[in-house]
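Down below is the structure, laid out as structure tokens.
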Amino acid sequence: MATIKQTEGAPAAYPASPSGLSTAAAALDADMLWQRIEAYIAWRFTSRSIEWIAEGCGEWIPPLAPATIATVEVWQATNAWTTATLDPSPTGGYMLPGDGPYRFTGTVGGGTVPAAVNEAFRRLAEYMAASKRGSPGTTREKVVAGSVMVDKSRSASWAAEAMSNSGAGDLLRNFRRA
């Protein structure tokens, strides 16, 4: 049994940025930061539409949380989706009695943003704000003012490594799976 397709709608809005950000971090696009965090975790904190297609026999659990399933359908030999009633699984999912495929539609997201996620947002924002100095893609920057020279470098992949290097990823570990 496997999820073979996931179609997630965009939320009307993302959660508010946490308080205590520096001026530079607060100036960053908060939606961009929330999108990076959501790409890293399996939890959503603002509601949006969701559709999953799963196939195979056995237990299926929604891969994002919190999920509210409105309809379940199964693909029939008549080449059409028909409503299905599935038994619940012992761990909060559904028992798929046949190969399917099955289509689950509903919403995902909601609730209060936990303190650990807000702190991860803050760390990611501060890291991204501090790293924005210099030209995009710059790996070495040298500034000379009289007899004083400042020479610094950063990895060309600093933005891709931001989740890890900022410490945000460590705080989000418990939110990686639904």
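In the structure tokens, chains take letters A, B, ... by order of appearance, with residues numbered from 1 within each chain and ligands from 1 in the order shown.
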Using only C-alpha atoms, which protein or nucleic acid residues come within 6 Å of segment 49-58 of chain A? Drop anything in the same chain fewer than 2 positions from it, and give the result as a ChimeraX atom specification. /A:1-9,95-107
Set the distance at 12 Å and use only C-alpha atoms: which residues neighbour Met128 of chain A once local chain neighbours fewer than 3 positions away are removed? I'd like the list as a PyMOL selection string. chain A and resi 21-22+24-30+32-33+36+121-125+131-133+136+158-168
Could you write those residues out with N, CA and C atoms, as an mmCIF file, in the first residue's frame?
data_model
loop_
_atom_site.group_PDB
_atom_site.id
_atom_site.type_symbol
_atom_site.label_atom_id
_atom_site.label_comp_id
_atom_site.auth_asym_id
_atom_site.auth_seq_id
_atom_site.Cartn_x
_atom_site.Cartn_y
_atom_site.Cartn_z
ATOM 1 N N LEU A 21 11.784 38.872 16.070
ATOM 2 C CA LEU A 21 12.702 38.821 14.932
ATOM 3 C C LEU A 21 13.465 40.135 14.818
ATOM 4 N N SER A 22 14.697 40.049 14.353
ATOM 5 C CA SER A 22 15.467 41.260 14.072
ATOM 6 C C SER A 22 14.790 41.997 12.915
ATOM 7 N N ALA A 24 16.074 42.865 10.070
ATOM 8 C CA ALA A 24 16.424 42.215 8.802
ATOM 9 C C ALA A 24 15.620 40.931 8.603
ATOM 10 N N ALA A 25 15.448 40.140 9.650
ATOM 11 C CA ALA A 25 14.692 38.887 9.539
ATOM 12 C C ALA A 25 13.205 39.169 9.318
ATOM 13 N N ALA A 26 12.667 40.185 9.974
ATOM 14 C CA ALA A 26 11.259 40.541 9.810
ATOM 15 C C ALA A 26 10.975 41.062 8.399
ATOM 16 N N ALA A 27 11.997 41.581 7.722
ATOM 17 C CA ALA A 27 11.825 42.114 6.368
ATOM 18 C C ALA A 27 11.747 41.008 5.309
ATOM 19 N N LEU A 28 12.147 39.790 5.666
ATOM 20 C CA LEU A 28 12.075 38.682 4.710
ATOM 21 C C LEU A 28 10.619 38.311 4.445
ATOM 22 N N ASP A 29 10.365 37.678 3.314
ATOM 23 C CA ASP A 29 9.037 37.209 2.952
ATOM 24 C C ASP A 29 8.659 36.032 3.856
ATOM 25 N N ALA A 30 7.720 36.263 4.767
ATOM 26 C CA ALA A 30 7.325 35.222 5.725
ATOM 27 C C ALA A 30 6.714 34.013 5.019
ATOM 28 N N MET A 32 7.556 32.758 2.164
ATOM 29 C CA MET A 32 8.682 31.957 1.652
ATOM 30 C C MET A 32 9.265 31.097 2.768
ATOM 31 N N LEU A 33 9.407 31.663 3.959
ATOM 32 C CA LEU A 33 9.954 30.903 5.081
ATOM 33 C C LEU A 33 8.996 29.781 5.500
ATOM 34 N N ARG A 36 9.241 26.926 3.051
ATOM 35 C CA ARG A 36 10.436 26.092 3.279
ATOM 36 C C ARG A 36 10.234 25.156 4.461
ATOM 37 N N PHE A 121 11.252 28.777 12.846
ATOM 38 C CA PHE A 121 11.015 29.893 11.924
ATOM 39 C C PHE A 121 11.980 31.032 12.242
ATOM 40 N N ARG A 122 12.085 31.368 13.526
ATOM 41 C CA ARG A 122 12.970 32.467 13.935
ATOM 42 C C ARG A 122 14.416 32.183 13.550
ATOM 43 N N ARG A 123 14.890 30.967 13.825
ATOM 44 C CA ARG A 123 16.277 30.610 13.489
ATOM 45 C C ARG A 123 16.526 30.650 11.979
ATOM 46 N N LEU A 124 15.568 30.131 11.215
ATOM 47 C CA LEU A 124 15.712 30.138 9.761
ATOM 48 C C LEU A 124 15.710 31.569 9.230
ATOM 49 N N ALA A 125 14.810 32.400 9.732
ATOM 50 C CA ALA A 125 14.736 33.797 9.292
ATOM 51 C C ALA A 125 16.015 34.552 9.630
ATOM 52 N N SER A 131 22.680 35.959 6.076
ATOM 53 C CA SER A 131 23.401 35.449 4.912
ATOM 54 C C SER A 131 23.120 36.235 3.641
ATOM 55 N N LYS A 132 22.202 37.193 3.683
ATOM 56 C CA LYS A 132 21.834 37.919 2.474
ATOM 57 C C LYS A 132 22.878 38.947 2.050
ATOM 58 N N ARG A 133 23.818 39.278 2.924
ATOM 59 C CA ARG A 133 24.860 40.240 2.548
ATOM 60 C C ARG A 133 25.683 39.684 1.403
ATOM 61 N N PRO A 136 24.130 37.435 -4.609
ATOM 62 C CA PRO A 136 23.632 36.047 -4.603
ATOM 63 C C PRO A 136 24.643 35.111 -5.260
ATOM 64 N N TRP A 158 24.830 27.859 0.506
ATOM 65 C CA TRP A 158 24.393 28.315 1.833
ATOM 66 C C TRP A 158 22.876 28.357 1.968
ATOM 67 N N ALA A 159 22.153 28.764 0.935
ATOM 68 C CA ALA A 159 20.693 28.847 1.035
ATOM 69 C C ALA A 159 20.065 27.453 1.111
ATOM 70 N N ALA A 160 20.609 26.515 0.355
ATOM 71 C CA ALA A 160 20.078 25.150 0.376
ATOM 72 C C ALA A 160 20.332 24.470 1.723
ATOM 73 N N GLU A 161 21.370 24.876 2.403
ATOM 74 C CA GLU A 161 21.733 24.280 3.685
ATOM 75 C C GLU A 161 21.178 25.061 4.874
ATOM 76 N N ALA A 162 20.347 26.056 4.619
ATOM 77 C CA ALA A 162 19.863 26.939 5.683
ATOM 78 C C ALA A 162 19.093 26.195 6.763
ATOM 79 N N MET A 163 18.253 25.228 6.386
ATOM 80 C CA MET A 163 17.462 24.503 7.380
ATOM 81 C C MET A 163 18.379 23.791 8.369
ATOM 82 N N SER A 164 19.429 23.203 7.873
ATOM 83 C CA SER A 164 20.369 22.485 8.727
ATOM 84 C C SER A 164 21.296 23.438 9.480
ATOM 85 N N ASN A 165 21.898 24.366 8.759
ATOM 86 C CA ASN A 165 22.899 25.251 9.372
ATOM 87 C C ASN A 165 22.312 26.231 10.375
ATOM 88 N N SER A 166 21.042 26.560 10.240
ATOM 89 C CA SER A 166 20.407 27.497 11.172
ATOM 90 C C SER A 166 19.999 26.822 12.475
ATOM 91 N N GLY A 167 19.938 25.510 12.494
ATOM 92 C CA GLY A 167 19.457 24.773 13.664
ATOM 93 C C GLY A 167 17.953 24.540 13.625
ATOM 94 N N ALA A 168 17.267 25.076 12.613
ATOM 95 C CA ALA A 168 15.813 24.903 12.515
ATOM 96 C C ALA A 168 15.445 23.437 12.303
#
Neighbour list for segment 171-173 of chain A as JSON, numbers by chain, cut-off 8 Å, only C-alpha atoms, skip fewer than 3 positions in-chain: {"A": [41, 116, 117, 119, 120, 167, 168, 176]}
DSSP-assigned strand (DSSP E) among segment 34-177 of chain A, expressed as a ChimeraX atom specification: /A:48-55,58-60,67-75,81-83,87-88,94-96,102-108,140-145,148-153
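Each of A:Asp31, A:Val144, A:Ala178, A:Trp81 was compared to Pro66 of chain A using only C-alpha atoms, and A:Ala178 turns out to be the nearest.
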What is the atom CA of Arg48 of chain A to atom CA of Ala67 of chain A distance in Å? 9.8 Å
Of A:Glu126, A:Asp170, A:Glu59, A:Glu38, the one nearest to Pro11 of chain A when counting only C-alpha atoms is A:Glu38
